[in-house]
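A.B. asks: final39.pdb (PDB, C-alpha atoms) pasted underneath:
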ATOM      1  CA  MET A  22     -28.955   2.222 -49.128
ATOM      2  CA  THR A  23     -25.266   2.336 -48.199
ATOM      3  CA  PHE A  24     -23.626   0.856 -45.146
ATOM      4  CA  ARG A  25     -20.626   2.481 -43.522
ATOM      5  CA  LYS A  26     -17.782   0.055 -42.930
ATOM      6  CA  SER A  27     -16.586  -0.196 -39.365
ATOM      7  CA  ASN A  28     -13.111   1.121 -38.674
ATOM      8  CA  PRO A  29     -11.062  -1.645 -36.972
ATOM      9  CA  ILE A  30      -8.592   0.894 -35.530
ATOM     10  CA  LYS A  31     -11.389   2.931 -33.953
ATOM     11  CA  TRP A  32     -12.951  -0.269 -32.634
ATOM     12  CA  LEU A  33      -9.619  -1.286 -31.068
ATOM     13  CA  ILE A  34      -9.190   2.133 -29.425
ATOM     14  CA  ASP A  35     -12.710   1.932 -28.033
ATOM     15  CA  LEU A  36     -11.900  -1.534 -26.669
ATOM     16  CA  VAL A  37      -8.758  -0.272 -24.902
ATOM     17  CA  ASN A  38     -10.694   2.747 -23.671
ATOM     18  CA  GLY A  39     -13.428   0.531 -22.210
ATOM     19  CA  PHE A  40     -10.848  -1.735 -20.592
ATOM     20  CA  PHE A  41      -9.172   1.138 -18.741
ATOM     21  CA  THR A  42     -12.518   2.623 -17.746
ATOM     22  CA  LEU A  43     -13.576  -0.630 -16.082
ATOM     23  CA  LEU A  44     -10.112  -1.138 -14.602
ATOM     24  CA  TRP A  45      -9.981   2.293 -12.908
ATOM     25  CA  VAL A  46     -13.564   2.109 -11.626
ATOM     26  CA  TYR A  47     -12.951  -1.332 -10.196
ATOM     27  CA  ALA A  48      -9.569  -0.446  -8.682
ATOM     28  CA  ALA A  49     -10.803   2.771  -7.059
ATOM     29  CA  THR A  50     -13.994   1.165  -5.723
ATOM     30  CA  ALA A  51     -12.087  -1.809  -4.304
ATOM     31  CA  LYS A  52      -9.735   0.560  -2.469
ATOM     32  CA  LEU A  53     -12.665   2.601  -1.180
ATOM     33  CA  LEU A  54     -14.518  -0.455   0.131
ATOM     34  CA  GLU A  55     -11.353  -1.686   1.846
ATOM     35  CA  PHE A  56     -10.077   1.757   2.768
ATOM     36  CA  GLU A  57      -8.529   0.728   6.096
ATOM     37  CA  ALA A  58      -6.681  -2.207   4.542
ATOM     38  CA  PHE A  59      -5.448   0.001   1.684
ATOM     39  CA  SER A  60      -4.237   2.605   4.191
ATOM     40  CA  VAL A  61      -2.282  -0.058   6.095
ATOM     41  CA  GLN A  62      -0.774  -1.378   2.851
ATOM     42  CA  LEU A  63       0.503   2.091   1.951
ATOM     43  CA  GLY A  64       1.770   2.520   5.498
ATOM     44  CA  GLN A  65       3.668  -0.757   5.150
ATOM     45  CA  SER A  66       5.208   0.306   1.869
ATOM     46  CA  PRO A  67       9.017   0.471   2.033
ATOM     47  CA  LEU A  68       8.858   3.254  -0.588
ATOM     48  CA  LEU A  69       6.045   5.691   0.186
ATOM     49  CA  SER A  70       5.407   5.493   3.930
ATOM     50  CA  ALA A  71       6.002   9.209   4.453
ATOM     51  CA  TYR A  72       3.282  10.089   1.930
ATOM     52  CA  ALA A  73       0.765   7.377   2.810
ATOM     53  CA  GLY A  74      -1.711   9.840   4.329
ATOM     54  CA  VAL A  75      -1.932  11.807   1.059
ATOM     55  CA  LEU A  76      -1.609   8.983  -1.456
ATOM     56  CA  VAL A  77      -4.387   6.935   0.132
ATOM     57  CA  TRP A  78      -6.809   9.603  -1.156
ATOM     58  CA  LEU A  79      -4.921  10.816  -4.219
ATOM     59  CA  VAL A  80      -4.657   7.390  -5.878
ATOM     60  CA  GLN A  81      -8.388   6.696  -5.608
ATOM     61  CA  LEU A  82      -9.286  10.186  -6.792
ATOM     62  CA  SER A  83      -6.966   9.885  -9.795
ATOM     63  CA  GLU A  84      -8.503   6.560 -10.802
ATOM     64  CA  TYR A  85     -12.046   7.919 -10.620
ATOM     65  CA  VAL A  86     -11.070  11.057 -12.560
ATOM     66  CA  LEU A  87      -9.435   8.992 -15.309
ATOM     67  CA  SER A  88     -12.468   6.729 -15.619
ATOM     68  CA  GLY A  89     -14.622   9.834 -16.009
ATOM     69  CA  LEU A  90     -12.362  11.303 -18.703
ATOM     70  CA  LEU A  91     -12.473   8.057 -20.648
ATOM     71  CA  LEU A  92     -16.270   8.156 -20.829
ATOM     72  CA  PHE A  93     -16.489  11.248 -23.044
ATOM     73  CA  PRO A  94     -15.191  11.503 -26.630
ATOM     74  CA  LYS A  95     -13.716  14.978 -26.131
ATOM     75  CA  THR A  96     -11.632  13.891 -23.122
ATOM     76  CA  LYS A  97     -10.918  10.323 -24.208
ATOM     77  CA  LYS A  98      -7.386  11.086 -25.418
ATOM     78  CA  MET A  99      -6.626  12.919 -22.174
ATOM     79  CA  GLY A 100      -7.892   9.911 -20.227
ATOM     80  CA  LEU A 101      -5.692   7.553 -22.232
ATOM     81  CA  TYR A 102      -2.662   9.764 -21.606
ATOM     82  CA  GLY A 103      -3.443   9.913 -17.880
ATOM     83  CA  SER A 104      -3.901   6.133 -17.817
ATOM     84  CA  LEU A 105      -0.493   5.751 -19.450
ATOM     85  CA  CYS A 106       1.140   7.987 -16.838
ATOM     86  CA  LEU A 107      -0.567   6.374 -13.848
ATOM     87  CA  MET A 108       0.129   2.833 -15.026
ATOM     88  CA  THR A 109       3.764   3.801 -15.685
ATOM     89  CA  ALA A 110       3.991   5.119 -12.119
ATOM     90  CA  PHE A 111       2.566   1.839 -10.793
ATOM     91  CA  THR A 112       5.024  -0.146 -12.928
ATOM     92  CA  THR A 113       7.984   1.896 -11.691
ATOM     93  CA  TYR A 114       6.809   1.354  -8.118
ATOM     94  CA  ILE A 115       6.808  -2.423  -8.621
ATOM     95  CA  ILE A 116      10.272  -2.393 -10.205
ATOM     96  CA  ILE A 117      11.682  -0.504  -7.221
ATOM     97  CA  ILE A 118       9.859  -2.835  -4.808
ATOM     98  CA  LEU A 119      11.359  -5.922  -6.429
ATOM     99  CA  ASN A 120      14.906  -4.587  -6.760
ATOM    100  CA  TYR A 121      15.628  -1.919  -4.156
ATOM    101  CA  ALA A 122      13.186  -2.261  -1.261
ATOM    102  CA  ASP A 123      14.248  -3.620   2.125
ATOM    103  CA  PHE A 124      11.291  -6.018   2.071
ATOM    104  CA  VAL A 125       8.428  -6.893  -0.255
ATOM    105  CA  PRO A 126       5.042  -5.863   1.202
ATOM    106  CA  CYS A 127       1.676  -7.516   0.638
ATOM    107  CA  SER A 128       0.117  -7.291  -2.786
ATOM    108  CA  CYS A 129      -2.989  -5.230  -3.523
ATOM    109  CA  GLY A 130      -6.487  -6.550  -2.980
ATOM    110  CA  GLY A 131      -9.384  -7.386  -5.259
ATOM    111  CA  ILE A 132      -9.161  -9.750  -8.220
ATOM    112  CA  LEU A 133      -5.444  -9.044  -8.625
ATOM    113  CA  GLU A 134      -4.701 -10.135  -5.056
ATOM    114  CA  SER A 135      -3.865 -13.660  -6.265
ATOM    115  CA  LEU A 136      -1.102 -12.272  -8.499
ATOM    116  CA  GLY A 137       2.427 -11.959  -7.196
ATOM    117  CA  TRP A 138       4.561  -8.875  -7.733
ATOM    118  CA  THR A 139       6.188 -10.347 -10.846
ATOM    119  CA  GLU A 140       2.797 -11.122 -12.345
ATOM    120  CA  HIS A 141       1.697  -7.584 -11.459
ATOM    121  CA  LEU A 142       4.729  -6.241 -13.304
ATOM    122  CA  ILE A 143       3.825  -8.214 -16.432
ATOM    123  CA  PHE A 144       0.180  -7.111 -16.231
ATOM    124  CA  ASN A 145       1.151  -3.457 -15.774
ATOM    125  CA  GLY A 146       3.660  -3.656 -18.612
ATOM    126  CA  ILE A 147       0.945  -4.900 -20.970
ATOM    127  CA  CYS A 148      -1.353  -2.091 -19.803
ATOM    128  CA  VAL A 149       1.369   0.493 -20.482
ATOM    129  CA  LEU A 150       1.789  -0.825 -24.029
ATOM    130  CA  LEU A 151      -1.981  -0.774 -24.615
ATOM    131  CA  ALA A 152      -2.316   2.778 -23.313
ATOM    132  CA  ALA A 153       0.661   3.973 -25.378
ATOM    133  CA  PHE A 154      -0.682   2.357 -28.544
ATOM    134  CA  ALA A 155      -4.198   3.731 -28.078
ATOM    135  CA  PHE A 156      -2.911   7.226 -27.276
ATOM    136  CA  LEU A 157      -0.675   7.368 -30.356
ATOM    137  CA  ILE A 158      -3.441   6.173 -32.660
ATOM    138  CA  ALA A 159      -5.939   8.576 -31.090
ATOM    139  CA  SER A 160      -3.433  11.415 -31.602
ATOM    140  CA  GLN A 161      -3.470  10.982 -35.381
ATOM    141  CA  ASN A 162      -5.565  13.386 -37.394
ATOM    142  CA  PRO A 163      -8.127  11.262 -39.262
ATOM    143  CA  LYS A 164      -8.525  14.015 -41.895
ATOM    144  CA  SER A 165      -4.831  14.092 -42.700
ATOM    145  CA  ALA A 166      -3.601  12.355 -45.800
ATOM    146  CA  THR A 167      -0.501  11.185 -44.007
ATOM    147  CA  THR A 168      -0.663   8.267 -41.632
ATOM    148  CA  GLY A 169       2.612   8.942 -39.885
ATOM    149  CA  LEU A 170       2.729   9.855 -36.226
ATOM    150  CA  HIS A 171       3.217  13.451 -35.244
ATOM    151  CA  HIS A 172       6.471  14.233 -33.452
ATOM    152  CA  ARG A 173       4.524  16.134 -30.796
ATOM    153  CA  ALA A 174       2.536  13.013 -29.856
ATOM    154  CA  ILE A 175       5.697  10.912 -29.606
ATOM    155  CA  LEU A 176       7.438  13.540 -27.491
ATOM    156  CA  LYS A 177       4.384  13.790 -25.247
ATOM    157  CA  LEU A 178       4.356  10.006 -24.884
ATOM    158  CA  CYS A 179       8.034   9.913 -23.917
ATOM    159  CA  ALA A 180       7.562  12.792 -21.503
ATOM    160  CA  GLY A 181       4.704  10.954 -19.784
ATOM    161  CA  LEU A 182       6.713   7.744 -19.433
ATOM    162  CA  LEU A 183       9.819   9.526 -18.163
ATOM    163  CA  GLY A 184       7.989  11.998 -15.930
ATOM    164  CA  SER A 185       5.872   9.347 -14.204
ATOM    165  CA  SER A 186       8.916   7.169 -13.525
ATOM    166  CA  VAL A 187      10.968  10.082 -12.202
ATOM    167  CA  LEU A 188       8.094  11.177  -9.940
ATOM    168  CA  VAL A 189       7.910   7.765  -8.232
ATOM    169  CA  ILE A 190      11.701   7.664  -7.835
ATOM    170  CA  VAL A 191      11.714  11.126  -6.261
ATOM    171  CA  LEU A 192       8.897  10.149  -3.882
ATOM    172  CA  PHE A 193      10.851   7.036  -2.897
ATOM    173  CA  LEU A 194      14.081   8.922  -2.210
ATOM    174  CA  THR A 195      12.426  11.764  -0.303
ATOM    175  CA  SER A 196      10.273   9.352   1.707
ATOM    176  CA  GLU A 197      13.332   7.478   2.919
ATOM    177  CA  GLU A 198      15.013  10.823   3.622
ATOM    178  CA  GLN A 199      12.170  11.925   5.882
ATOM    179  CA  ILE A 200      11.933   8.626   7.735
ATOM    180  CA  HIS A 201      15.604   7.813   8.302
ATOM    181  CA  ARG A 202      17.601  11.051   8.185
ATOM    182  CA  ASN A 203      15.420  13.934   9.246
ATOM    183  CA  ASN A 204      14.290  12.143  12.407
ATOM    184  CA  ALA A 205      10.665  12.931  11.552
ATOM    185  CA  PHE A 206       7.973  11.418  13.716
ATOM    186  CA  ILE A 207       6.834   9.102  10.918
ATOM    187  CA  ARG A 208       6.571   5.426  11.667
ATOM    188  CA  ARG A 209       6.148   2.641   9.139
ATOM    189  CA  TYR A 210       3.506   0.039   9.904
ATOM    190  CA  PRO A 211       5.079  -3.372  10.567
ATOM    191  CA  HIS A 212       4.837  -5.556   7.480
ATOM    192  CA  HIS A 213       4.481  -8.721   9.555
ATOM    193  CA  PRO A 214       1.281  -8.703  11.640
ATOM    194  CA  LEU A 215       1.244  -9.940  15.210
ATOM    195  CA  THR A 216       0.293 -13.570  15.604
ATOM    196  CA  PHE A 217      -1.332 -15.156  18.626
ATOM    197  CA  ASN A 218       1.015 -17.452  20.517
ATOM    198  CA  LYS A 219      -0.367 -18.338  23.932
ATOM    199  CA  ALA A 220      -2.537 -16.912  26.688
ATOM    200  CA  TYR A 221      -2.920 -17.535  30.392
ATOM    201  CA  ASN A 222      -6.046 -16.626  32.314
ATOM    202  CA  LEU A 223      -5.154 -14.750  35.525
ATOM    203  CA  GLU A 224      -8.855 -14.677  36.513
ATOM    204  CA  VAL A 225      -8.504 -11.310  38.286
ATOM    205  CA  ASN A 226      -7.315  -7.891  37.104
ATOM    206  CA  SER A 227      -5.230  -6.981  40.147
ATOM    207  CA  TYR A 228      -1.984  -8.414  38.766
ATOM    208  CA  TYR A 229       0.788  -6.221  37.428
ATOM    209  CA  PHE A 230       4.157  -6.862  35.814
ATOM    210  CA  ALA A 231       6.778  -6.938  38.575
ATOM    211  CA  GLY A 232       9.912  -7.823  36.637
ATOM    212  CA  ILE A 233      11.938 -10.409  34.732
ATOM    213  CA  ALA A 234      15.039 -12.299  35.857
ATOM    214  CA  HIS A 235      16.762 -15.576  35.059
ATOM    215  CA  GLU A 236      14.288 -16.405  32.258
ATOM    216  CA  ARG A 237      11.326 -15.935  34.603
ATOM    217  CA  LEU A 238       8.464 -13.448  34.460
ATOM    218  CA  TYR A 239       7.085 -12.205  37.771
ATOM    219  CA  LEU A 240       3.659 -10.744  38.425
ATOM    220  CA  GLY A 241       2.719  -8.905  41.570
ATOM    221  CA  ASN A 242      -0.758  -8.528  43.015
ATOM    222  CA  TYR A 243      -2.168  -5.366  44.596
ATOM    223  CA  THR A 244      -4.345  -7.418  46.931
ATOM    224  CA  ALA A 245      -1.450  -9.623  48.088
ATOM    225  CA  PRO A 246       1.715  -7.472  48.000
ATOM    226  CA  LEU A 247       3.948 -10.207  49.450
ATOM    227  CA  LYS A 248       3.035 -12.807  46.832
ATOM    228  CA  LEU A 249       4.537 -13.178  43.367
ATOM    229  CA  LYS A 250       3.374 -15.407  40.545
ATOM    230  CA  SER A 251       6.131 -16.669  38.267
ATOM    231  CA  PHE A 252       6.130 -17.904  34.663
ATOM    232  CA  ASP A 253       8.789 -19.100  32.277
ATOM    233  CA  LEU A 254       9.282 -17.417  28.909
ATOM    234  CA  LYS A 255       6.835 -19.857  27.311
ATOM    235  CA  LEU A 256       4.140 -18.594  29.681
ATOM    236  CA  GLU A 257       4.072 -21.795  31.697
ATOM    237  CA  PRO A 258       3.288 -21.161  35.420
ATOM    238  CA  LYS A 259       6.170 -21.941  37.774
ATOM    239  CA  GLY A 260       4.412 -21.479  41.093
ATOM    240  CA  ASN A 261       4.005 -18.683  43.629
ATOM    241  CA  LEU A 262       6.732 -16.984  45.624
ATOM    242  CA  SER A 263       6.487 -15.329  49.027
ATOM    243  CA  ILE A 264       8.460 -12.243  50.058
ATOM    244  CA  ASN A 265       9.767 -12.378  53.611
ATOM    245  CA  ILE A 266      10.348  -8.976  55.218
ATOM    246  CA  PRO A 267      11.742  -8.870  58.813
ATOM    247  CA  ASN A 268       9.807  -6.668  61.248
ATOM    248  CA  LEU A 269       6.980  -6.368  58.775
ATOM    249  CA  THR A 270       4.724  -4.420  61.150
ATOM    250  CA  SER A 271       7.247  -1.576  61.429
ATOM    251  CA  TYR A 272       6.634  -0.525  57.798
ATOM    252  CA  SER A 273       3.943   2.110  57.491
ATOM    253  CA  PHE A 274       2.823   1.159  53.959
ATOM    254  CA  PHE A 275       1.277  -2.010  55.371
ATOM    255  CA  GLU A 276      -0.978  -0.107  57.719
ATOM    256  CA  ASN A 277      -4.681   0.150  56.842
TER     257      ASN A 277
END
How does the structure come out when it is put into structure tokens?

C.D. replies:
Amino acid sequence: MTFRKSNPIKWLIDLVNGFFTLLWVYAATAKLLEFEAFSVQLGQSPLLSAYAGVLVWLVQLSEYVLSGLLLFPKTKKMGLYGSLCLMTAFTTYIIIILNYADFVPCSCGGILESLGWTEHLIFNGICVLLAAFAFLIASQNPKSATTGLHHRAILKLCAGLLGSSVLVIVLFLTSEEQIHRNNAFIRRYPHHPLTFNKAYNLEVNSYYFAGIAHERLYLGNYTAPLKLKSFDLKLEPKGNLSINIPNLTSYSFFEN
């Protein structure tokens, strides 16, 4: 009885393949479960706000498709190449965020939420190297006597790295063009959420905003048109004011 020795290179490729399969399934599922939060994060992005409506679906779909390709031996190499391109696009996005964006938005959710953008960059860089290594090894012909890499595989690798980076840069430039120059009706979500400061209970819903002057807010009341309630800018009540109108009965809008 003979035993076939395990191939350490094949085992390593399978390990990288399994890692990316789990990564894409987890990432896509986390975005799907927190779809609203993911949509807001893309809307807050200083790079891709103009394309948030499309990318919110496209990113999840791409991750699920890649995880499916990685499951089958015949499409494994294609899945590794797609993983390389997508992770390169993510890495380019982070580099632009850290160096050229007007502000740094919130990080993504899930397990990686505790990582900062710099840590994300390091993690993505390692993933790019893993995907590139696995793709190049998987591109070798195991029946060939030569162990050298084919020029076509190297060129394809370089094209994927360059093309993915250029695509993100183009999306960034055109997104800013649409938002700032073409006067398109596209608005970026504020990256700082509203925070509760103070509230005052008016008890009735008949008040309306009457005006502001000399650092005072004034509220009118439909049921008492000659009375005003005043507040300072810290929402502290400053008493009620009365409006004195001579010959009040001569005005028709006070008649019942």

A.B. asks: Rounded to one decimal place, report the atom CA of A:Ile233-atom CA of A:Lys255 distance in Å.

C.D. replies: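 These two atoms are separated by 13.1 Å.
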
A.B. asks: Return as a tab-separated table the residues of stretch 25-106 of chain A lying at most 12 Å from stretch 141-160 of chain A, together with the closest atom-to-atom pair for each and the distance in Å to one decimal, counting only C-alpha atoms, with rows in chain order and ascending residue number.

C.D. replies:
residue	atom	partner	partner_atom	distance
A:Pro29	CA	A:Ile158	CA	11.7
A:Ile30	CA	A:Ile158	CA	7.9
A:Lys31	CA	A:Ala159	CA	8.4
A:Trp32	CA	A:Ala155	CA	10.6
A:Leu33	CA	A:Ala155	CA	8.0
A:Ile34	CA	A:Ala155	CA	5.4
A:Asp35	CA	A:Ala155	CA	8.7
A:Leu36	CA	A:Ala155	CA	9.4
A:Val37	CA	A:Leu151	CA	6.8
A:Asn38	CA	A:Ala155	CA	7.9
A:Gly39	CA	A:Ala152	CA	11.4
A:Phe40	CA	A:Cys148	CA	9.5
A:Phe41	CA	A:Ala152	CA	8.4
A:Thr42	CA	A:Ala152	CA	11.6
A:Leu44	CA	A:Cys148	CA	10.2
A:Trp45	CA	A:Cys148	CA	11.9
A:Leu91	CA	A:Phe156	CA	11.7
A:Pro94	CA	A:Ala159	CA	10.7
A:Lys95	CA	A:Ala159	CA	11.2
A:Thr96	CA	A:Ala159	CA	11.1
A:Lys97	CA	A:Ala159	CA	8.7
A:Lys98	CA	A:Phe156	CA	6.2
A:Met99	CA	A:Phe156	CA	8.5
A:Gly100	CA	A:Phe156	CA	9.0
A:Leu101	CA	A:Phe156	CA	5.8
A:Tyr102	CA	A:Phe156	CA	6.2
A:Gly103	CA	A:Ala152	CA	9.0
A:Ser104	CA	A:Ala152	CA	6.6
A:Leu105	CA	A:Ala152	CA	5.2
A:Cys106	CA	A:Val149	CA	8.3

A.B. asks: Keeping only C-alpha atoms, write those residues as a PDB file, keeping the file's coordinate frame.

C.D. replies:
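Result saved to selection00.pdb:
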ATOM      1  CA  PRO A  29     -11.062  -1.645 -36.972  1.00  0.00           C
ATOM      2  CA  ILE A  30      -8.592   0.894 -35.530  1.00  0.00           C
ATOM      3  CA  LYS A  31     -11.389   2.931 -33.953  1.00  0.00           C
ATOM      4  CA  TRP A  32     -12.951  -0.269 -32.634  1.00  0.00           C
ATOM      5  CA  LEU A  33      -9.619  -1.286 -31.068  1.00  0.00           C
ATOM      6  CA  ILE A  34      -9.190   2.133 -29.425  1.00  0.00           C
ATOM      7  CA  ASP A  35     -12.710   1.932 -28.033  1.00  0.00           C
ATOM      8  CA  LEU A  36     -11.900  -1.534 -26.669  1.00  0.00           C
ATOM      9  CA  VAL A  37      -8.758  -0.272 -24.902  1.00  0.00           C
ATOM     10  CA  ASN A  38     -10.694   2.747 -23.671  1.00  0.00           C
ATOM     11  CA  GLY A  39     -13.428   0.531 -22.210  1.00  0.00           C
ATOM     12  CA  PHE A  40     -10.848  -1.735 -20.592  1.00  0.00           C
ATOM     13  CA  PHE A  41      -9.172   1.138 -18.741  1.00  0.00           C
ATOM     14  CA  THR A  42     -12.518   2.623 -17.746  1.00  0.00           C
ATOM     15  CA  LEU A  44     -10.112  -1.138 -14.602  1.00  0.00           C
ATOM     16  CA  TRP A  45      -9.981   2.293 -12.908  1.00  0.00           C
ATOM     17  CA  LEU A  91     -12.473   8.057 -20.648  1.00  0.00           C
ATOM     18  CA  PRO A  94     -15.191  11.503 -26.630  1.00  0.00           C
ATOM     19  CA  LYS A  95     -13.716  14.978 -26.131  1.00  0.00           C
ATOM     20  CA  THR A  96     -11.632  13.891 -23.122  1.00  0.00           C
ATOM     21  CA  LYS A  97     -10.918  10.323 -24.208  1.00  0.00           C
ATOM     22  CA  LYS A  98      -7.386  11.086 -25.418  1.00  0.00           C
ATOM     23  CA  MET A  99      -6.626  12.919 -22.174  1.00  0.00           C
ATOM     24  CA  GLY A 100      -7.892   9.911 -20.227  1.00  0.00           C
ATOM     25  CA  LEU A 101      -5.692   7.553 -22.232  1.00  0.00           C
ATOM     26  CA  TYR A 102      -2.662   9.764 -21.606  1.00  0.00           C
ATOM     27  CA  GLY A 103      -3.443   9.913 -17.880  1.00  0.00           C
ATOM     28  CA  SER A 104      -3.901   6.133 -17.817  1.00  0.00           C
ATOM     29  CA  LEU A 105      -0.493   5.751 -19.450  1.00  0.00           C
ATOM     30  CA  CYS A 106       1.140   7.987 -16.838  1.00  0.00           C
TER      31      CYS A 106
END

A.B. asks: Could you please determine the separation between atom CA of A:Phe230 and atom CA of A:Ser251 in Å, to one decimal place?

C.D. replies: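 Rounded to one decimal, the two atoms are 10.3 Å apart.
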
A.B. asks: Residues picked by the PyMOL selection byres ((chain A and resi 183-193) around 8) here, as a VMD selection string?

C.D. replies: chain A and resid 68 to 69 106 to 107 109 to 110 113 to 114 179 to 182 194 to 197

A.B. asks: Please indicate the distance in Å from atom CA of A:Leu247 to atom CA of A:Thr270, rounded to one decimal place.

C.D. replies: 13.1 Å

A.B. asks: Name the residues that the PyMOL selection byres ((chain A and resi 262) around 9) pulls out of this structure, and write them as a PyMOL selection string.

C.D. replies: chain A and resi 247-251+260-261+263-264

A.B. asks: With distances taken over all atoms listed in the file, which of A:Lys259, A:Arg173, A:Glu84, A:Gly64 is nearest to A:Lys52?

C.D. replies: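 Closest to A:Lys52 of all the choices is A:Glu84.
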
A.B. asks: Leaving out stretch 218-222 of chain A and any residue of its chain fewer than 5 positions from it, which residues lie within 9 Å of it when counting all atoms listed in the file, given as a list in words?

C.D. replies: Lys255, Leu256, Glu257 and Pro258 of chain A

A.B. asks: Evaluate the PyMOL selection byres ((chain A and resi 49) around 12) and record the selected residues as a CSV table (one decimal) with C-alpha atoms, in the frame of the given file, following the chain and residue labels used in the document.

C.D. replies:
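Wrote result_30.csv, looks like this:
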chain,number,residue,atom,x,y,z
A,41,PHE,CA,-9.2,1.1,-18.7
A,42,THR,CA,-12.5,2.6,-17.7
A,43,LEU,CA,-13.6,-0.6,-16.1
A,44,LEU,CA,-10.1,-1.1,-14.6
A,45,TRP,CA,-10.0,2.3,-12.9
A,46,VAL,CA,-13.6,2.1,-11.6
A,47,TYR,CA,-13.0,-1.3,-10.2
A,48,ALA,CA,-9.6,-0.4,-8.7
A,50,THR,CA,-14.0,1.2,-5.7
A,51,ALA,CA,-12.1,-1.8,-4.3
A,52,LYS,CA,-9.7,0.6,-2.5
A,53,LEU,CA,-12.7,2.6,-1.2
A,54,LEU,CA,-14.5,-0.5,0.1
A,55,GLU,CA,-11.4,-1.7,1.8
A,56,PHE,CA,-10.1,1.8,2.8
A,59,PHE,CA,-5.4,0.0,1.7
A,77,VAL,CA,-4.4,6.9,0.1
A,78,TRP,CA,-6.8,9.6,-1.2
A,79,LEU,CA,-4.9,10.8,-4.2
A,80,VAL,CA,-4.7,7.4,-5.9
A,81,GLN,CA,-8.4,6.7,-5.6
A,82,LEU,CA,-9.3,10.2,-6.8
A,83,SER,CA,-7.0,9.9,-9.8
A,84,GLU,CA,-8.5,6.6,-10.8
A,85,TYR,CA,-12.0,7.9,-10.6
A,86,VAL,CA,-11.1,11.1,-12.6
A,87,LEU,CA,-9.4,9.0,-15.3
A,88,SER,CA,-12.5,6.7,-15.6
A,129,CYS,CA,-3.0,-5.2,-3.5
A,130,GLY,CA,-6.5,-6.6,-3.0
A,131,GLY,CA,-9.4,-7.4,-5.3
